[in-house]
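This report concerns only the one structure given below.
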Amino acid sequence: MKRILITGIAGLLGSRLADWIIKNTKHKVIGIDDLSGGFLENINREVQFYKFNLIDLEALKGVFEKEKIDIVYHFAAYAAEGLSPFIRKYNYENNLIASTNLITCSIQYDVSRFVFASSMSVYGNKYDPPFKEDLAQAPIDPYAVAKYAVEMDLEIAKQQHGLNYTIVRPHNFYGINQNIWDKYRNVLGIWMYQILNKKNPTIFGDGSQVRAFSYVDDSVIPFWNASQNDKCIGEIINLGGIKEYSIKDACNILINVTGLNVKPVYLEPRHETKYAWSTWDKSVKLLNFKHEVDLEEGIKKMWLWANNQPNRERFTWPKYELNKGIYEYWKN
């Protein structure tokens with residue numbers, strides 16, 4: 001029996017992977033989350049759960065000492081990419097420093113495999129999509145810089161300390177257990193929250209941005225395979241949907257699923273990569289990825305789930321670290 005640590009256990013990907021491992025294997029799952037973006041209700045009752053932020057290195061060492069971790073899945077992050085220029089310190093503490101603490105412990109306590117959920121954002125806007133794994137990272141915002149830095153730190157950790165890592169770059173994941181109460185991230189969740197609260201969904205710019213959306217359950221087994229297949233050691237692997245949609249079209253699919261008479265509201269554009277999606281052939285070869293849930297079907301599943309969720313208070317930053325240049329729709 002392996003002892004598997006999942007950070008961000010209360011979030012979308014962490015909770016769904018934990019459920020799958022518990023249902024389909026005999027391994028023990030240990031979870032860490034500070035519940036700043038995830039919810040206790042998402043965590044499987046069989047998980048050995050610890051509540052704290054990974055910035056707390058001493059608490060993290062305590063978990064490694066006690067639990068004798070074999071495999072690490074690092075999903076914890078604050079993935080508000082567009083907001084990251086205005087919360088730089090918070091971004092680097094929670095997305096970079098926290099990650100390096102985890103890498104330090106993984107080296108110190110002889111973890112056998114480390115799987116890191118990076119981001120498609122590291123490709124930036126330098127290249128024409130689809131983005132392939134061998135392209136040099138070219139981030140355009142602090143969130144992507146943090147992800148890039150963790151990738152580089154893992155490469156050094158393998159070279160110097162022998163830490164066997166795999167970097168997975170997911171893109172535009174959505175589905176059951178997603179945080180729909182955060183106004184700064186997860187566009188499908190933002191729209192669902194708005195519609196459920198009798199508001200029109202909002203789109204930054206004209207909606208011509210293009211993404212390939214990925215239903216989370218399609219990627220659970222591939223993430224598991226990332227820690228089981230030795231051919232994945234030291235590799236970077238894109239993971240996610242195979243069909244591209246404009247943001248405007250994705251919004252219209254959701255509206256059609258709801259059956260409600262709402263129309264999108266267009267806001268000022270933000271600093272972002274306009275056309276962004278990735279190759280997926282490497283994930284098929286190494287992770288056995290299968291795209292089984294198309295966008296409309298996945299939205300139906302998530303919308304049904306969202307309708308049965310409590311009407312939680314929406315998270316809003318009371319104060320930003322930087323106000324200069326912040327978009328009108330995010331101003332306090």
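Ordered as shown in the structure tokens, chains take letters A, B, and onward, while each chain numbers its residues from 1 and ligands are numbered from 1 in the order shown.
If you count only C-alpha atoms and ignore residues fewer than 3 places along the chain from segment 127-130 of chain A, what sits within 9 Å of it is Tyr123, Gly124, Leu135, Ala138, Tyr275, Ala276, Trp277, Ser278 and Thr279 of chain A.
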Item to check | Selection: 10 Å around Phe49 of chain A, only C-alpha atoms, excl. self and same-chain fewer than 4 positions, as a PyMOL selection string | outcome: chain A and resi 5-7+9-10+29-33+40+43-45
One residue among A:Met192, A:Ile103, A:Ala117, A:Leu60 is nearest to Ala157 of chain A when using only C-alpha atoms, and that residue is A:Ile103
Task: Who sits within 6 Å of Gly175 of chain A, only C-alpha atoms, same chain under 6 positions skipped, as a PyMOL selection string - done: chain A and resi 215-216+302
Go ahead and write the residues just picked, N, CA and C atoms, as a PDB file, in the first residue's frame.
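As written to disk, out.pdb reads:
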ATOM      1  N   TYR A 215     -13.239  18.455 -19.253  1.00  0.00           N
ATOM      2  CA  TYR A 215     -14.031  17.950 -18.133  1.00  0.00           C
ATOM      3  C   TYR A 215     -13.122  17.160 -17.204  1.00  0.00           C
ATOM      4  N   VAL A 216     -13.166  17.484 -15.932  1.00  0.00           N
ATOM      5  CA  VAL A 216     -12.162  16.998 -14.985  1.00  0.00           C
ATOM      6  C   VAL A 216     -12.068  15.473 -14.931  1.00  0.00           C
ATOM      7  N   MET A 302     -22.185  19.594 -14.826  1.00  0.00           N
ATOM      8  CA  MET A 302     -21.783  20.603 -13.848  1.00  0.00           C
ATOM      9  C   MET A 302     -22.956  21.498 -13.462  1.00  0.00           C
TER      10      MET A 302
END
If you count only C-alpha atoms, the residue of A:Arg88, A:Arg211, A:Lys290, A:Lys183 closest to Thr273 of chain A turns out to be A:Arg211
Point to revise | Residues within 8 Å of segment 165-172 of chain A, only C-alpha atoms, excluding chain neighbours under 2 positions, as a PyMOL selection string | key: chain A and resi 113-120+151+154-155+158+163+174+186+211-214+223+226-227+232-241+277-278
I need the residues from that last selection saved to file as a PDB file, in the first residue's frame (with C-alpha atoms), if you can.
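Writing the result to out.pdb gives the following:
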ATOM      1  CA  ARG A 113       7.292  10.345  -7.372  1.00  0.00           C
ATOM      2  CA  PHE A 114       6.197  13.998  -7.552  1.00  0.00           C
ATOM      3  CA  VAL A 115       3.420  15.021  -9.968  1.00  0.00           C
ATOM      4  CA  PHE A 116       2.960  18.764 -10.451  1.00  0.00           C
ATOM      5  CA  ALA A 117      -0.097  20.377 -12.013  1.00  0.00           C
ATOM      6  CA  SER A 118       1.456  23.297 -13.849  1.00  0.00           C
ATOM      7  CA  SER A 119      -0.492  25.357 -16.384  1.00  0.00           C
ATOM      8  CA  MET A 120      -0.865  26.041 -20.072  1.00  0.00           C
ATOM      9  CA  GLU A 151       8.867  23.659 -13.233  1.00  0.00           C
ATOM     10  CA  LEU A 154      11.696  20.508 -10.149  1.00  0.00           C
ATOM     11  CA  GLU A 155      14.200  20.054 -12.961  1.00  0.00           C
ATOM     12  CA  LYS A 158      15.907  15.908 -10.150  1.00  0.00           C
ATOM     13  CA  LEU A 163      13.576  13.675  -7.280  1.00  0.00           C
ATOM     14  CA  TYR A 174     -14.137  22.329 -15.178  1.00  0.00           C
ATOM     15  CA  ASN A 186     -12.912  29.442 -13.582  1.00  0.00           C
ATOM     16  CA  ARG A 211      -9.828  27.756 -25.417  1.00  0.00           C
ATOM     17  CA  ALA A 212     -10.182  23.954 -25.277  1.00  0.00           C
ATOM     18  CA  PHE A 213     -12.192  23.034 -22.204  1.00  0.00           C
ATOM     19  CA  SER A 214     -11.510  19.854 -20.248  1.00  0.00           C
ATOM     20  CA  PHE A 223      -3.123  11.969 -13.603  1.00  0.00           C
ATOM     21  CA  ALA A 226       1.513  10.078 -14.370  1.00  0.00           C
ATOM     22  CA  SER A 227       2.789   8.643 -11.078  1.00  0.00           C
ATOM     23  CA  CYS A 232       6.695   9.885 -17.416  1.00  0.00           C
ATOM     24  CA  ILE A 233       9.658  10.660 -15.153  1.00  0.00           C
ATOM     25  CA  GLY A 234      11.207  13.991 -16.075  1.00  0.00           C
ATOM     26  CA  GLU A 235       8.549  14.641 -18.716  1.00  0.00           C
ATOM     27  CA  ILE A 236       6.270  17.614 -19.387  1.00  0.00           C
ATOM     28  CA  ILE A 237       2.835  16.550 -20.639  1.00  0.00           C
ATOM     29  CA  ASN A 238      -0.106  18.661 -21.792  1.00  0.00           C
ATOM     30  CA  LEU A 239      -3.455  17.383 -20.581  1.00  0.00           C
ATOM     31  CA  GLY A 240      -6.949  18.415 -21.592  1.00  0.00           C
ATOM     32  CA  GLY A 241      -9.646  18.797 -24.194  1.00  0.00           C
ATOM     33  CA  TRP A 277      -4.946  25.495 -26.576  1.00  0.00           C
ATOM     34  CA  SER A 278      -2.460  22.634 -26.515  1.00  0.00           C
TER      35      SER A 278
END
